[in-house]
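> To be precise about what I am sending: the file is called coords_16.pdb and holds PDB, C-alpha atoms, pLDDT in the B column.
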MODEL        1
ATOM      1  CA  VAL A   1       6.172  28.462  -7.252  1.00 59.00           C
ATOM      2  CA  GLY A   2       4.287  28.481 -10.572  1.00 67.00           C
ATOM      3  CA  ASP A   3       5.959  26.273 -13.142  1.00 79.00           C
ATOM      4  CA  ALA A   4       8.562  24.300 -11.235  1.00 81.00           C
ATOM      5  CA  LYS A   5      11.934  23.765 -12.843  1.00 84.00           C
ATOM      6  CA  ASP A   6      12.788  20.947 -10.437  1.00 90.00           C
ATOM      7  CA  ILE A   7      10.462  18.683  -8.480  1.00 91.00           C
ATOM      8  CA  ASP A   8      12.101  16.191  -6.135  1.00 93.00           C
ATOM      9  CA  TRP A   9      10.644  13.516  -3.864  1.00 95.00           C
ATOM     10  CA  PHE A  10      12.193  12.353  -0.610  1.00 96.00           C
ATOM     11  CA  ALA A  11      11.558   9.037   1.147  1.00 95.00           C
ATOM     12  CA  PRO A  12      10.613   8.860   4.848  1.00 96.00           C
ATOM     13  CA  SER A  13      14.321   8.305   5.580  1.00 96.00           C
ATOM     14  CA  GLY A  14      15.092  11.721   4.033  1.00 96.00           C
ATOM     15  CA  GLU A  15      16.847  10.103   1.064  1.00 95.00           C
ATOM     16  CA  LYS A  16      16.125  11.687  -2.336  1.00 96.00           C
ATOM     17  CA  ILE A  17      14.217   9.254  -4.550  1.00 94.00           C
ATOM     18  CA  LEU A  18      16.290   8.663  -7.667  1.00 91.00           C
ATOM     19  CA  PRO A  19      15.682   6.222 -10.499  1.00 82.00           C
ATOM     20  CA  PRO A  20      15.994   3.364 -11.006  1.00 81.00           C
ATOM     21  CA  ARG A  21      13.954   1.959  -8.151  1.00 85.00           C
ATOM     22  CA  PRO A  22      12.207  -1.367  -8.656  1.00 86.00           C
ATOM     23  CA  ASN A  23       8.929  -0.404  -6.978  1.00 90.00           C
ATOM     24  CA  ILE A  24       8.845   3.420  -6.976  1.00 92.00           C
ATOM     25  CA  SER A  25       8.316   5.676  -9.970  1.00 91.00           C
ATOM     26  CA  VAL A  26       8.363   9.485 -10.185  1.00 92.00           C
ATOM     27  CA  SER A  27       6.797  11.152 -13.215  1.00 90.00           C
ATOM     28  CA  ARG A  28       5.816  14.659 -14.273  1.00 87.00           C
ATOM     29  CA  THR A  29       2.484  15.273 -15.940  1.00 85.00           C
ATOM     30  CA  ASP A  30       3.046  18.957 -16.661  1.00 86.00           C
ATOM     31  CA  GLU A  31       5.204  21.896 -15.552  1.00 83.00           C
ATOM     32  CA  SER A  32       3.791  21.983 -12.030  1.00 81.00           C
ATOM     33  CA  THR A  33       2.702  18.416 -11.260  1.00 87.00           C
ATOM     34  CA  SER A  34       4.689  15.360 -10.203  1.00 89.00           C
ATOM     35  CA  ILE A  35       3.341  11.923  -9.312  1.00 91.00           C
ATOM     36  CA  LEU A  36       4.986   9.444  -6.961  1.00 92.00           C
ATOM     37  CA  THR A  37       3.784   5.890  -7.588  1.00 93.00           C
ATOM     38  CA  ILE A  38       4.591   2.963  -5.298  1.00 93.00           C
ATOM     39  CA  TYR A  39       4.054  -0.437  -6.909  1.00 92.00           C
ATOM     40  CA  HIS A  40       3.383  -3.532  -4.780  1.00 89.00           C
ATOM     41  CA  ALA A  41       3.546  -1.410  -1.628  1.00 90.00           C
ATOM     42  CA  ASN A  42       4.294  -3.089   1.671  1.00 89.00           C
ATOM     43  CA  VAL A  43       4.666  -1.909   5.254  1.00 89.00           C
ATOM     44  CA  ASP A  44       8.299  -0.896   4.569  1.00 91.00           C
ATOM     45  CA  ASN A  45       6.980   1.821   2.215  1.00 93.00           C
ATOM     46  CA  ALA A  46       4.911   3.506   4.940  1.00 94.00           C
ATOM     47  CA  GLY A  47       5.902   6.917   6.239  1.00 96.00           C
ATOM     48  CA  ILE A  48       5.947  10.594   5.357  1.00 96.00           C
ATOM     49  CA  TYR A  49       7.140  11.438   1.840  1.00 96.00           C
ATOM     50  CA  LYS A  50       8.164  14.995   0.978  1.00 95.00           C
ATOM     51  CA  CYS A  51       7.884  16.748  -2.376  1.00 93.00           C
ATOM     52  CA  VAL A  52      10.037  19.836  -3.005  1.00 93.00           C
ATOM     53  CA  ALA A  53       9.404  22.080  -6.025  1.00 92.00           C
ATOM     54  CA  LYS A  54      11.955  24.727  -7.022  1.00 91.00           C
ATOM     55  CA  ASN A  55      11.981  27.508  -9.557  1.00 89.00           C
ATOM     56  CA  GLY A  56      14.976  29.792  -9.282  1.00 88.00           C
ATOM     57  CA  ASP A  57      15.096  31.139  -5.741  1.00 90.00           C
ATOM     58  CA  LYS A  58      11.494  30.108  -4.996  1.00 91.00           C
ATOM     59  CA  GLU A  59      10.718  26.838  -3.234  1.00 91.00           C
ATOM     60  CA  ALA A  60       7.560  25.049  -2.086  1.00 92.00           C
ATOM     61  CA  GLN A  61       7.236  21.858  -0.063  1.00 93.00           C
ATOM     62  CA  ALA A  62       4.438  19.416   0.625  1.00 92.00           C
ATOM     63  CA  THR A  63       4.274  16.146   2.512  1.00 94.00           C
ATOM     64  CA  VAL A  64       2.051  13.130   2.251  1.00 93.00           C
ATOM     65  CA  GLN A  65       1.664  10.363   4.796  1.00 94.00           C
ATOM     66  CA  VAL A  66       1.529   6.895   3.267  1.00 94.00           C
ATOM     67  CA  LYS A  67      -0.107   4.198   5.362  1.00 92.00           C
ATOM     68  CA  ILE A  68      -0.021   0.549   4.391  1.00 89.00           C
ATOM     69  CA  PHE A  69      -2.557  -1.848   5.807  1.00 84.00           C
ATOM     70  CA  ARG A  70      -1.631  -5.490   5.619  1.00 73.00           C
ATOM     71  CA  LYS A  71      -4.198  -7.873   4.212  1.00 70.00           C
ATOM     72  CA  SER A  72      -5.425 -10.451   6.662  1.00 69.00           C
ATOM     73  CA  CYS A  73      -6.158 -13.905   5.450  1.00 68.00           C
ATOM     74  CA  LEU A  74      -8.116 -16.800   6.807  1.00 67.00           C
ATOM     75  CA  ILE A  75      -6.100 -19.948   7.355  1.00 67.00           C
ATOM     76  CA  LEU A  76      -8.203 -23.066   7.497  1.00 66.00           C
ATOM     77  CA  PRO A  77      -6.970 -26.186   9.240  1.00 65.00           C
ATOM     78  CA  VAL A  78      -6.241 -29.274   7.189  1.00 61.00           C
ATOM     79  CA  PHE A  79      -8.192 -32.352   8.248  1.00 55.00           C
ATOM     80  CA  PRO A  80      -7.654 -35.981   7.306  1.00 55.00           C
ATOM     81  CA  GLU A  81     -10.067 -37.081   4.560  1.00 54.00           C
ATOM     82  CA  THR A  82     -11.801 -39.487   6.936  1.00 52.00           C
ATOM     83  CA  LEU A  83     -12.996 -36.591   9.103  1.00 49.00           C
ATOM     84  CA  LEU A  84     -14.271 -34.352   6.292  1.00 49.00           C
ATOM     85  CA  PRO A  85     -17.831 -35.745   5.997  1.00 49.00           C
ATOM     86  CA  SER A  86     -18.501 -35.367   9.723  1.00 48.00           C
ATOM     87  CA  ILE A  87     -16.914 -31.880   9.808  1.00 46.00           C
ATOM     88  CA  TYR A  88     -19.001 -30.665   6.850  1.00 47.00           C
ATOM     89  CA  PHE A  89     -22.120 -32.102   8.449  1.00 47.00           C
ATOM     90  CA  SER A  90     -21.351 -30.257  11.698  1.00 45.00           C
ATOM     91  CA  ILE A  91     -20.723 -26.990   9.873  1.00 45.00           C
ATOM     92  CA  PHE A  92     -23.955 -27.161   7.872  1.00 45.00           C
ATOM     93  CA  GLN A  93     -25.961 -28.285  10.883  1.00 46.00           C
ATOM     94  CA  SER A  94     -24.597 -25.340  12.896  1.00 44.00           C
ATOM     95  CA  ALA A  95     -25.144 -22.922  10.012  1.00 44.00           C
ATOM     96  CA  SER A  96     -28.822 -23.797   9.808  1.00 43.00           C
ATOM     97  CA  GLN A  97     -29.200 -22.686  13.416  1.00 45.00           C
ATOM     98  CA  LEU A  98     -27.431 -19.338  12.991  1.00 43.00           C
ATOM     99  CA  GLU A  99     -29.346 -16.091  13.232  1.00 43.00           C
ATOM    100  CA  LEU A 100     -28.316 -13.085  11.176  1.00 42.00           C
ATOM    101  CA  PHE A 101     -28.495  -9.617  12.737  1.00 36.00           C
TER     102      PHE A 101
ENDMDL
END
Output the file's structure in the form of structure tokens.


Amino acid sequence: VGDAKDIDWFAPSGEKILPPRPNISVSRTDESTSILTIYHANVDNAGIYKCVAKNGDKEAQATVQVKIFRKSCLILPVFPETLLPSIYFSIFQSASQLELF
């Protein structure tokens, strides 16, 4: 398309992305480049986004698939204080017997 007069982004739902959006920003860096930025992305932001550039009667489209991987976290059990010394001893005793591959 060359220098695009209009560059629009569309969400996976097909809805045109218009400002203001709290976590999505669209910016242009020059006459032919547009950047879609998703802040604090979560699994709801996943999907295929479409960019459409127009200049007069010429049009070009591109898509990008956004995948969001959720962080996993380790949840440790809470033990009464009276059990902590024996639990720590068991952990360290077991750790000394571990073999690393």

> Can you pull out the residues contacting range 7-21 of chain A? Cut-off 10 Å, using all atoms listed in the file, and skip same-chain residues under 5 positions away; I want them as a PyMOL selection string.

chain A and resi 26-28+31-36+38+45-55+59-66

> Given the choices A:Thr29, A:Asp57, A:Ala41, A:Lys5, which gets closest to Phe69 in chain A if the distance is worked out from all atoms listed in the file?

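Result for the nearest residue to Phe69 in chain A: A:Ala41.
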
> Restricting the calculation to all atoms listed in the file: of A:Ile24, A:Lys67, A:Thr37, A:Asp30, which residue gets closest to Asp3 in chain A?

A:Asp30
